[in-house]
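Working notes for the structure below.
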Amino acid sequence: LYLASGAKQMASEGNWFFMKIGGQPWLEKPPLPHWLVIASATLLGGFNETTCRLPSVLAGVGLVLIMAGLAARFYGEDAGRIAGALQCTLGYSVTYARLAEEDMLLALLVAAAFAVFVQLQSIGNGQSEQRNRLWSTSFWFLIGLTSLVKGPLFGTVLVLSPCVVWLLWQRRRLGWQRLWSPVGIVVALFLMVSWPVLVMLREPTAINWWIGQIFRRAAG
């Protein structure tokens with residue numbers, strides 16, 4: 001409800017960075033999911049149940065394809081088909097791919113970042129050195145996008161934690177070098193801080209609310 005209502009009000013007011021529900025500021029989450037709902041509604045004829053849920057549906061389909069592709073890369077095409085079918089039947093996938101919420105979009109971006117990391121590090125397959133720069137930039141860009149879905153650091157930690165552990169375990173300098181992308185890192189940092197900075201310039205007390213949310217969730 002909050003995503004659909006916030007997106008509709010955002011579109012009607014043309015205020016693309018500061019979400020409202022019922023005329024009141026709602027700044028818990030960044031605006032990327034709202035933008036996608038607005039795009040869906042614009043392309044398909046208005047705000048309704050279908051257009052508001054469609055971004056989550058497409059994200060769910062994308063997640064299935066990524067998981068199938070990763071399994072096929074490591075274990076063959078049959079395993080890929082089974083992994084894709086399993087992903088389709090997981091309770092959370094079935095539930096959140098049908099909801100107008102941001103969770104499935106975040107799952108897609110995190111899985112996509114892992115898939116890019118696997119390709120970047122040549123895990124399970126060979127890779128041309130000429131494509132490293134593109135993959136490393138894409139990796140950081142996806143991390144930056146997660147910050148526009150669930151807020152700064154949340155998606156970043158989800159992605160970087162296992163990747164850094166893998167690099168430390170492998171003890172390969174080349175792995176760290178492949179991850180290095182000044183352009184990608186700058187883009188990720190920009191995407192990570194731009195929306196919070198814009199919000200704090202307008203609503204300075206928002207940071208206290210965000211910190212409170214983080215501690216409440218961690219304590220729970």
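In the structure tokens, chains take the letters A, B, ... in the order shown, each chain's residues start at 1, and ligands count up from 1 in the order shown.
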Excluding Pro33 of chain A and residues on its chain fewer than 2 positions from it, collect all residues at most 9 Å away from it, counting only C-alpha atoms, and give them as a PyMOL selection string. chain A and resi 3+7+29-31+35-38+55+100-102+105+148-149
Save the residues we just selected, all heavy atoms, as a short mmCIF file (atom, residue, chain, number, x, y, z; two decimals), in the first residue's frame?
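And here is the file that came out, again31.cif:
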```
data_model
loop_
_atom_site.label_atom_id
_atom_site.label_comp_id
_atom_site.auth_asym_id
_atom_site.auth_seq_id
_atom_site.Cartn_x
_atom_site.Cartn_y
_atom_site.Cartn_z
N LEU A 3 3.88 1.73 -1.07
CA LEU A 3 4.60 1.95 -2.32
C LEU A 3 3.66 2.45 -3.41
O LEU A 3 3.97 3.43 -4.10
CB LEU A 3 5.28 0.65 -2.76
CG LEU A 3 6.07 0.70 -4.07
CD1 LEU A 3 7.12 1.80 -4.05
CD2 LEU A 3 6.71 -0.65 -4.35
N ALA A 7 3.85 6.22 -4.75
CA ALA A 7 4.17 6.43 -6.16
C ALA A 7 3.11 7.27 -6.86
O ALA A 7 3.43 8.17 -7.65
CB ALA A 7 4.32 5.09 -6.86
N LYS A 29 12.07 4.73 2.93
CA LYS A 29 12.78 4.02 1.86
C LYS A 29 13.11 4.97 0.72
O LYS A 29 12.41 5.96 0.49
CB LYS A 29 11.92 2.88 1.32
CG LYS A 29 11.56 1.81 2.34
CD LYS A 29 12.76 1.02 2.77
CE LYS A 29 12.36 -0.25 3.54
NZ LYS A 29 11.40 -0.07 4.60
N PRO A 30 14.17 4.68 -0.04
CA PRO A 30 14.54 5.48 -1.21
C PRO A 30 13.52 5.35 -2.34
O PRO A 30 12.63 4.51 -2.29
CB PRO A 30 15.91 4.91 -1.62
CG PRO A 30 16.41 4.22 -0.40
CD PRO A 30 15.19 3.67 0.28
N PRO A 31 13.68 6.16 -3.41
CA PRO A 31 12.60 6.28 -4.39
C PRO A 31 12.63 5.34 -5.58
O PRO A 31 11.69 5.35 -6.38
CB PRO A 31 12.76 7.73 -4.87
CG PRO A 31 14.23 7.99 -4.77
CD PRO A 31 14.69 7.21 -3.57
N TRP A 35 9.75 4.94 -8.55
CA TRP A 35 9.96 5.31 -9.95
C TRP A 35 9.54 4.18 -10.88
O TRP A 35 8.96 4.43 -11.94
CB TRP A 35 11.43 5.65 -10.18
CG TRP A 35 11.91 6.86 -9.43
CD1 TRP A 35 11.15 7.84 -8.86
CD2 TRP A 35 13.27 7.21 -9.16
NE1 TRP A 35 11.94 8.77 -8.25
CE2 TRP A 35 13.25 8.41 -8.42
CE3 TRP A 35 14.50 6.62 -9.46
CZ2 TRP A 35 14.42 9.04 -7.99
CZ3 TRP A 35 15.66 7.24 -9.03
CH2 TRP A 35 15.61 8.44 -8.30
N LEU A 36 9.84 2.95 -10.51
CA LEU A 36 9.48 1.81 -11.36
C LEU A 36 7.97 1.62 -11.42
O LEU A 36 7.43 1.29 -12.49
CB LEU A 36 10.15 0.54 -10.83
CG LEU A 36 11.68 0.52 -10.91
CD1 LEU A 36 12.23 -0.77 -10.32
CD2 LEU A 36 12.16 0.69 -12.34
N VAL A 37 7.28 1.82 -10.31
CA VAL A 37 5.82 1.73 -10.32
C VAL A 37 5.24 2.83 -11.21
O VAL A 37 4.31 2.60 -11.98
CB VAL A 37 5.26 1.83 -8.89
CG1 VAL A 37 3.74 2.00 -8.92
CG2 VAL A 37 5.63 0.58 -8.10
N ILE A 38 5.79 4.04 -11.11
CA ILE A 38 5.32 5.15 -11.95
C ILE A 38 5.55 4.83 -13.42
O ILE A 38 4.68 5.07 -14.27
CB ILE A 38 6.02 6.46 -11.56
CG1 ILE A 38 5.58 6.89 -10.15
CG2 ILE A 38 5.73 7.56 -12.56
CD1 ILE A 38 6.37 8.05 -9.59
N PRO A 55 6.45 -4.38 -11.40
CA PRO A 55 7.89 -4.37 -11.17
C PRO A 55 8.38 -5.52 -10.29
O PRO A 55 9.45 -6.10 -10.55
CB PRO A 55 8.12 -3.01 -10.48
CG PRO A 55 7.03 -2.14 -11.01
CD PRO A 55 5.84 -3.06 -11.11
N ALA A 100 3.43 -5.27 -4.19
CA ALA A 100 3.99 -3.96 -4.56
C ALA A 100 4.90 -3.48 -3.44
O ALA A 100 4.58 -2.56 -2.69
CB ALA A 100 2.87 -2.96 -4.83
N GLU A 101 6.04 -4.15 -3.30
CA GLU A 101 7.04 -3.82 -2.29
C GLU A 101 8.42 -3.87 -2.92
O GLU A 101 8.59 -4.32 -4.05
CB GLU A 101 6.93 -4.76 -1.09
CG GLU A 101 5.61 -4.63 -0.34
CD GLU A 101 5.59 -5.45 0.94
OE1 GLU A 101 6.65 -5.97 1.33
OE2 GLU A 101 4.51 -5.57 1.54
N GLU A 102 9.41 -3.45 -2.14
CA GLU A 102 10.76 -3.32 -2.69
C GLU A 102 11.61 -4.58 -2.52
O GLU A 102 12.71 -4.67 -3.10
CB GLU A 102 11.48 -2.14 -2.04
CG GLU A 102 11.93 -2.34 -0.61
CD GLU A 102 10.81 -2.24 0.40
OE1 GLU A 102 9.75 -1.67 0.05
OE2 GLU A 102 10.98 -2.71 1.53
N LEU A 105 12.83 -6.55 -5.69
CA LEU A 105 13.79 -5.76 -6.46
C LEU A 105 15.17 -5.80 -5.81
O LEU A 105 16.19 -5.94 -6.50
CB LEU A 105 13.31 -4.32 -6.59
CG LEU A 105 14.24 -3.35 -7.31
CD1 LEU A 105 14.51 -3.82 -8.74
CD2 LEU A 105 13.64 -1.94 -7.31
N LEU A 148 19.37 2.64 -3.52
CA LEU A 148 18.16 3.37 -3.91
C LEU A 148 16.90 2.53 -3.73
O LEU A 148 15.81 2.97 -4.07
CB LEU A 148 18.27 3.82 -5.37
CG LEU A 148 19.25 4.97 -5.64
CD1 LEU A 148 19.31 5.27 -7.14
CD2 LEU A 148 18.85 6.22 -4.87
N VAL A 149 17.08 1.31 -3.23
CA VAL A 149 15.93 0.43 -2.99
C VAL A 149 15.63 0.32 -1.50
O VAL A 149 14.49 0.50 -1.06
CB VAL A 149 16.18 -0.98 -3.57
CG1 VAL A 149 15.03 -1.92 -3.22
CG2 VAL A 149 16.36 -0.90 -5.07
#
```
Point-to-point distance from atom CA of Ala206 of chain A to atom CA of Cys52 of chain A, Å rounded to tenths: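 If I compute the distance from atom CA of Ala206 of chain A to atom CA of Cys52 of chain A, I get 26.6 Å.
When only C-alpha atoms are used to measure the gap to Gly144 of chain A, the shortest distance among A:Leu106, A:Thr89, A:Gly62, A:Ala72 belongs to A:Leu106.
Close contacts of Val61 of chain A, defined as residues with an atom at most 10 Å away when counting only C-alpha atoms, with chain neighbours fewer than 3 positions off set aside, comprise Pro55, Ser56, Val57, Leu58, Val64, Leu65, Ile66, Gly84, Gln87, Cys88, Ser93, Ala97, Met104 and Leu108 of chain A.
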Could you jot down the atom CA of Ala4 of chain A to atom CA of Asn48 of chain A separation for me, Å, one decimal place?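 Distance reported for this atom pair: 8.6 Å.
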Excluding Cys163 of chain A and any residue of its chain fewer than 5 positions from it, enumerate the residues within 10 Å of it, using only C-alpha atoms, and give them as an mmCIF file with all heavy atoms, in the first residue's frame.
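Generated output (out_14.cif):
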```cif
data_model
loop_
_atom_site.group_PDB
_atom_site.id
_atom_site.type_symbol
_atom_site.label_atom_id
_atom_site.label_comp_id
_atom_site.auth_asym_id
_atom_site.auth_seq_id
_atom_site.Cartn_x
_atom_site.Cartn_y
_atom_site.Cartn_z
ATOM 1 N N ALA A 113 24.391 -8.756 -8.646
ATOM 2 C CA ALA A 113 25.743 -8.381 -8.233
ATOM 3 C C ALA A 113 26.601 -9.620 -7.998
ATOM 4 O O ALA A 113 27.775 -9.664 -8.384
ATOM 5 C CB ALA A 113 25.686 -7.516 -6.975
ATOM 6 N N PHE A 114 26.024 -10.650 -7.369
ATOM 7 C CA PHE A 114 26.762 -11.901 -7.178
ATOM 8 C C PHE A 114 27.107 -12.541 -8.514
ATOM 9 O O PHE A 114 28.216 -13.064 -8.705
ATOM 10 C CB PHE A 114 25.947 -12.880 -6.337
ATOM 11 C CG PHE A 114 25.877 -12.521 -4.876
ATOM 12 C CD1 PHE A 114 24.718 -12.733 -4.159
ATOM 13 C CD2 PHE A 114 26.965 -11.982 -4.221
ATOM 14 C CE1 PHE A 114 24.644 -12.410 -2.821
ATOM 15 C CE2 PHE A 114 26.901 -11.651 -2.882
ATOM 16 C CZ PHE A 114 25.735 -11.869 -2.177
ATOM 17 N N PHE A 117 29.945 -10.710 -9.984
ATOM 18 C CA PHE A 117 31.171 -11.047 -9.250
ATOM 19 C C PHE A 117 31.723 -12.392 -9.696
ATOM 20 O O PHE A 117 32.930 -12.554 -9.890
ATOM 21 C CB PHE A 117 30.877 -11.060 -7.748
ATOM 22 C CG PHE A 117 32.079 -11.343 -6.897
ATOM 23 C CD1 PHE A 117 32.970 -10.329 -6.568
ATOM 24 C CD2 PHE A 117 32.332 -12.620 -6.417
ATOM 25 C CE1 PHE A 117 34.089 -10.595 -5.784
ATOM 26 C CE2 PHE A 117 33.435 -12.893 -5.634
ATOM 27 C CZ PHE A 117 34.314 -11.868 -5.310
ATOM 28 N N VAL A 118 30.845 -13.364 -9.876
ATOM 29 C CA VAL A 118 31.264 -14.683 -10.345
ATOM 30 C C VAL A 118 31.923 -14.580 -11.716
ATOM 31 O O VAL A 118 32.975 -15.174 -11.973
ATOM 32 C CB VAL A 118 30.042 -15.637 -10.395
ATOM 33 C CG1 VAL A 118 30.365 -16.888 -11.194
ATOM 34 C CG2 VAL A 118 29.612 -16.006 -8.989
ATOM 35 N N VAL A 157 26.197 -4.187 2.301
ATOM 36 C CA VAL A 157 26.691 -5.205 3.228
ATOM 37 C C VAL A 157 26.310 -6.602 2.753
ATOM 38 O O VAL A 157 27.120 -7.533 2.801
ATOM 39 C CB VAL A 157 26.154 -4.943 4.644
ATOM 40 C CG1 VAL A 157 26.475 -6.105 5.577
ATOM 41 C CG2 VAL A 157 26.735 -3.649 5.198
ATOM 42 N N LEU A 158 25.088 -6.757 2.265
ATOM 43 C CA LEU A 158 24.645 -8.064 1.776
ATOM 44 C C LEU A 158 25.537 -8.575 0.648
ATOM 45 O O LEU A 158 25.833 -9.773 0.566
ATOM 46 C CB LEU A 158 23.199 -7.979 1.282
ATOM 47 C CG LEU A 158 22.092 -7.850 2.327
ATOM 48 C CD1 LEU A 158 20.738 -7.711 1.642
ATOM 49 C CD2 LEU A 158 22.088 -9.031 3.277
ATOM 50 N N LEU A 168 39.344 -13.003 0.565
ATOM 51 C CA LEU A 168 40.313 -13.275 1.635
ATOM 52 C C LEU A 168 40.657 -14.764 1.679
ATOM 53 O O LEU A 168 41.815 -15.134 1.897
ATOM 54 C CB LEU A 168 39.740 -12.828 2.980
ATOM 55 C CG LEU A 168 39.596 -11.315 3.189
ATOM 56 C CD1 LEU A 168 38.852 -11.027 4.486
ATOM 57 C CD2 LEU A 168 40.957 -10.625 3.195
ATOM 58 N N TRP A 169 39.664 -15.611 1.456
ATOM 59 C CA TRP A 169 39.891 -17.053 1.482
ATOM 60 C C TRP A 169 40.788 -17.494 0.334
ATOM 61 O O TRP A 169 41.657 -18.360 0.496
ATOM 62 C CB TRP A 169 38.542 -17.765 1.416
ATOM 63 C CG TRP A 169 38.642 -19.264 1.499
ATOM 64 C CD1 TRP A 169 38.730 -20.146 0.470
ATOM 65 C CD2 TRP A 169 38.668 -20.043 2.694
ATOM 66 N NE1 TRP A 169 38.795 -21.435 0.936
ATOM 67 C CE2 TRP A 169 38.766 -21.403 2.303
ATOM 68 C CE3 TRP A 169 38.601 -19.722 4.055
ATOM 69 C CZ2 TRP A 169 38.805 -22.436 3.230
ATOM 70 C CZ3 TRP A 169 38.640 -20.758 4.978
ATOM 71 C CH2 TRP A 169 38.742 -22.086 4.566
ATOM 72 N N LEU A 179 38.421 -6.402 -8.945
ATOM 73 C CA LEU A 179 37.297 -5.709 -8.315
ATOM 74 C C LEU A 179 37.468 -4.195 -8.360
ATOM 75 O O LEU A 179 36.485 -3.459 -8.225
ATOM 76 C CB LEU A 179 37.174 -6.163 -6.861
ATOM 77 C CG LEU A 179 35.816 -5.990 -6.188
ATOM 78 C CD1 LEU A 179 34.765 -6.803 -6.912
ATOM 79 C CD2 LEU A 179 35.898 -6.405 -4.723
#
```
Near Gly80 of chain A, counting only C-alpha atoms, which residues have an atom at most 6 Å away, once you skip same-chain residues fewer than 4 positions from it, shown as a PDB file with N, CA, C and O atoms, in the first residue's frame?
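Heads up, here's the output in part.pdb:
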```pdb
ATOM      1  N   ALA A  68      19.023 -19.713 -12.025  1.00  0.00           N
ATOM      2  CA  ALA A  68      19.158 -20.821 -12.969  1.00  0.00           C
ATOM      3  C   ALA A  68      20.481 -20.727 -13.721  1.00  0.00           C
ATOM      4  O   ALA A  68      21.165 -21.734 -13.931  1.00  0.00           O
ATOM      5  N   GLY A  69      20.846 -19.505 -14.122  1.00  0.00           N
ATOM      6  CA  GLY A  69      22.097 -19.319 -14.846  1.00  0.00           C
ATOM      7  C   GLY A  69      23.317 -19.641 -14.003  1.00  0.00           C
ATOM      8  O   GLY A  69      24.282 -20.259 -14.489  1.00  0.00           O
ATOM      9  N   ALA A  71      23.434 -21.709 -11.394  1.00  0.00           N
ATOM     10  CA  ALA A  71      23.491 -23.155 -11.187  1.00  0.00           C
ATOM     11  C   ALA A  71      23.986 -23.869 -12.444  1.00  0.00           C
ATOM     12  O   ALA A  71      24.785 -24.810 -12.369  1.00  0.00           O
ATOM     13  N   ALA A  72      23.522 -23.415 -13.603  1.00  0.00           N
ATOM     14  CA  ALA A  72      23.965 -24.035 -14.851  1.00  0.00           C
ATOM     15  C   ALA A  72      25.459 -23.819 -15.076  1.00  0.00           C
ATOM     16  O   ALA A  72      26.147 -24.699 -15.596  1.00  0.00           O
TER      17      ALA A  72
END
```
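Excluding Val183 of chain A and any residue on its chain fewer than 2 positions from it, the residues at most 10 Å away by only C-alpha atoms are Arg133, Ser136, Thr137, Ser138, Trp140, Phe141, Trp180, Ser181, Ile185, Val186, Val187 and Ala188 of chain A.
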Selection export as an mmCIF file, in the first residue's frame, atoms kept: all heavy atoms:
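Heads up, here's the output in part-v2.cif:
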```
data_model
loop_
_atom_site.group_PDB
_atom_site.id
_atom_site.type_symbol
_atom_site.label_atom_id
_atom_site.label_comp_id
_atom_site.auth_asym_id
_atom_site.auth_seq_id
_atom_site.Cartn_x
_atom_site.Cartn_y
_atom_site.Cartn_z
ATOM 1 N N ARG A 133 37.090 -4.655 -16.910
ATOM 2 C CA ARG A 133 36.698 -3.295 -16.548
ATOM 3 C C ARG A 133 35.185 -3.127 -16.599
ATOM 4 O O ARG A 133 34.588 -2.512 -15.714
ATOM 5 C CB ARG A 133 37.370 -2.285 -17.487
ATOM 6 C CG ARG A 133 37.065 -0.838 -17.145
ATOM 7 C CD ARG A 133 37.842 0.107 -18.031
ATOM 8 N NE ARG A 133 39.279 -0.086 -17.864
ATOM 9 C CZ ARG A 133 40.201 0.587 -18.549
ATOM 10 N NH1 ARG A 133 39.831 1.471 -19.466
ATOM 11 N NH2 ARG A 133 41.477 0.364 -18.334
ATOM 12 N N SER A 136 33.638 -5.069 -13.556
ATOM 13 C CA SER A 136 33.877 -4.422 -12.265
ATOM 14 C C SER A 136 33.033 -3.165 -12.114
ATOM 15 O O SER A 136 32.478 -2.892 -11.040
ATOM 16 C CB SER A 136 35.361 -4.092 -12.086
ATOM 17 O OG SER A 136 35.823 -3.242 -13.125
ATOM 18 N N THR A 137 32.896 -2.384 -13.186
ATOM 19 C CA THR A 137 32.042 -1.194 -13.132
ATOM 20 C C THR A 137 30.587 -1.586 -12.894
ATOM 21 O O THR A 137 29.879 -0.961 -12.097
ATOM 22 C CB THR A 137 32.167 -0.392 -14.436
ATOM 23 O OG1 THR A 137 33.533 -0.017 -14.639
ATOM 24 C CG2 THR A 137 31.321 0.878 -14.367
ATOM 25 N N SER A 138 30.139 -2.647 -13.574
ATOM 26 C CA SER A 138 28.770 -3.116 -13.401
ATOM 27 C C SER A 138 28.526 -3.593 -11.971
ATOM 28 O O SER A 138 27.449 -3.366 -11.400
ATOM 29 C CB SER A 138 28.476 -4.262 -14.376
ATOM 30 O OG SER A 138 28.648 -3.844 -15.714
ATOM 31 N N TRP A 140 29.902 -2.532 -9.133
ATOM 32 C CA TRP A 140 29.717 -1.398 -8.223
ATOM 33 C C TRP A 140 28.439 -0.631 -8.537
ATOM 34 O O TRP A 140 27.784 -0.099 -7.635
ATOM 35 C CB TRP A 140 30.931 -0.479 -8.286
ATOM 36 C CG TRP A 140 32.152 -1.100 -7.692
ATOM 37 C CD1 TRP A 140 33.237 -1.596 -8.361
ATOM 38 C CD2 TRP A 140 32.398 -1.331 -6.305
ATOM 39 N NE1 TRP A 140 34.148 -2.113 -7.482
ATOM 40 C CE2 TRP A 140 33.664 -1.959 -6.208
ATOM 41 C CE3 TRP A 140 31.686 -1.067 -5.144
ATOM 42 C CZ2 TRP A 140 34.210 -2.323 -4.983
ATOM 43 C CZ3 TRP A 140 32.230 -1.427 -3.922
ATOM 44 C CH2 TRP A 140 33.486 -2.046 -3.857
ATOM 45 N N PHE A 141 28.064 -0.574 -9.810
ATOM 46 C CA PHE A 141 26.819 0.097 -10.175
ATOM 47 C C PHE A 141 25.624 -0.610 -9.539
ATOM 48 O O PHE A 141 24.704 0.044 -9.013
ATOM 49 C CB PHE A 141 26.677 0.114 -11.697
ATOM 50 C CG PHE A 141 25.377 0.693 -12.175
ATOM 51 C CD1 PHE A 141 25.092 2.038 -12.016
ATOM 52 C CD2 PHE A 141 24.428 -0.115 -12.789
ATOM 53 C CE1 PHE A 141 23.890 2.576 -12.462
ATOM 54 C CE2 PHE A 141 23.222 0.408 -13.237
ATOM 55 C CZ PHE A 141 22.947 1.762 -13.067
ATOM 56 N N TRP A 180 38.690 -3.739 -8.570
ATOM 57 C CA TRP A 180 38.978 -2.307 -8.510
ATOM 58 C C TRP A 180 38.439 -1.589 -9.745
ATOM 59 O O TRP A 180 38.753 -1.932 -10.875
ATOM 60 C CB TRP A 180 40.476 -2.080 -8.395
ATOM 61 C CG TRP A 180 40.881 -0.627 -8.443
ATOM 62 C CD1 TRP A 180 41.563 -0.008 -9.441
ATOM 63 C CD2 TRP A 180 40.625 0.375 -7.450
ATOM 64 N NE1 TRP A 180 41.756 1.306 -9.143
ATOM 65 C CE2 TRP A 180 41.188 1.581 -7.928
ATOM 66 C CE3 TRP A 180 39.978 0.364 -6.221
ATOM 67 C CZ2 TRP A 180 41.117 2.769 -7.203
ATOM 68 C CZ3 TRP A 180 39.912 1.542 -5.492
ATOM 69 C CH2 TRP A 180 40.478 2.722 -5.995
ATOM 70 N N SER A 181 37.609 -0.578 -9.503
ATOM 71 C CA SER A 181 37.048 0.232 -10.591
ATOM 72 C C SER A 181 36.763 1.629 -10.048
ATOM 73 O O SER A 181 35.721 1.846 -9.412
ATOM 74 C CB SER A 181 35.758 -0.391 -11.137
ATOM 75 O OG SER A 181 35.125 0.510 -12.040
ATOM 76 N N ILE A 185 33.216 2.680 -8.391
ATOM 77 C CA ILE A 185 33.139 3.024 -6.970
ATOM 78 C C ILE A 185 32.567 4.423 -6.786
ATOM 79 O O ILE A 185 31.739 4.660 -5.899
ATOM 80 C CB ILE A 185 34.533 2.908 -6.317
ATOM 81 C CG1 ILE A 185 34.963 1.434 -6.283
ATOM 82 C CG2 ILE A 185 34.526 3.491 -4.911
ATOM 83 C CD1 ILE A 185 36.382 1.217 -5.831
ATOM 84 N N VAL A 186 32.987 5.362 -7.629
ATOM 85 C CA VAL A 186 32.441 6.726 -7.547
ATOM 86 C C VAL A 186 30.941 6.721 -7.826
ATOM 87 O O VAL A 186 30.163 7.387 -7.128
ATOM 88 C CB VAL A 186 33.183 7.661 -8.524
ATOM 89 C CG1 VAL A 186 32.451 8.992 -8.652
ATOM 90 C CG2 VAL A 186 34.616 7.891 -8.052
ATOM 91 N N VAL A 187 30.526 5.977 -8.842
ATOM 92 C CA VAL A 187 29.099 5.891 -9.160
ATOM 93 C C VAL A 187 28.328 5.277 -7.995
ATOM 94 O O VAL A 187 27.249 5.763 -7.614
ATOM 95 C CB VAL A 187 28.883 5.066 -10.440
ATOM 96 C CG1 VAL A 187 27.402 4.753 -10.644
ATOM 97 C CG2 VAL A 187 29.426 5.818 -11.647
ATOM 98 N N ALA A 188 28.876 4.216 -7.399
ATOM 99 C CA ALA A 188 28.207 3.566 -6.269
ATOM 100 C C ALA A 188 28.070 4.522 -5.092
ATOM 101 O O ALA A 188 27.006 4.596 -4.460
ATOM 102 C CB ALA A 188 28.981 2.314 -5.846
#
```
Write down as a VMD selection string the residues belonging to chain A that are assigned strand (DSSP E) by DSSP computed on the backbone. chain A and resid 20 to 21 24 to 25
For the residues in the current selection, export N, CA, C and O atoms as a compact mmCIF listing (two decimals), in the first residue's frame.
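Once written, part.txt looks like this:
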```txt
# COMPACT_ATOMS: atom_id res chain seq x y z
N LYS A 20 5.50 10.98 -0.22
CA LYS A 20 4.44 11.31 0.72
C LYS A 20 3.34 10.25 0.62
O LYS A 20 3.14 9.64 -0.42
N ILE A 21 2.64 10.08 1.73
CA ILE A 21 1.44 9.25 1.75
C ILE A 21 0.38 10.05 2.49
O ILE A 21 0.58 10.45 3.64
N GLN A 24 1.51 13.43 3.87
CA GLN A 24 2.54 13.48 4.91
C GLN A 24 3.84 12.84 4.40
O GLN A 24 3.80 11.85 3.68
N PRO A 25 5.00 13.41 4.76
CA PRO A 25 6.28 12.84 4.30
C PRO A 25 6.43 11.39 4.75
O PRO A 25 6.09 11.04 5.89
```
If I take atom CA of Met200 of chain A and atom CA of Ala39 of chain A, how far is one from the other in Å, to one decimal?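 Separation of atom CA of Met200 of chain A and atom CA of Ala39 of chain A: 26.1 Å.
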Using only C-alpha atoms, which of the listed residues (A:Ile143, A:Leu134, A:Val94, A:Ala115) sits closest to Arg73 of chain A?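 The closest residue to Arg73 of chain A is A:Ala115.
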Run DSSP on the backbone and grab whatever in segment 97-158 of chain A lands in alpha helix (DSSP H); send it over as a PyMOL selection string. chain A and resi 103-120+132-150+154-158
I want to know what sits within 10 Å of Leu198 of chain A, based on only C-alpha atoms, with residues of the same chain fewer than 6 positions away left out; could you give that as number ranges by chain? A: 17-18, 204
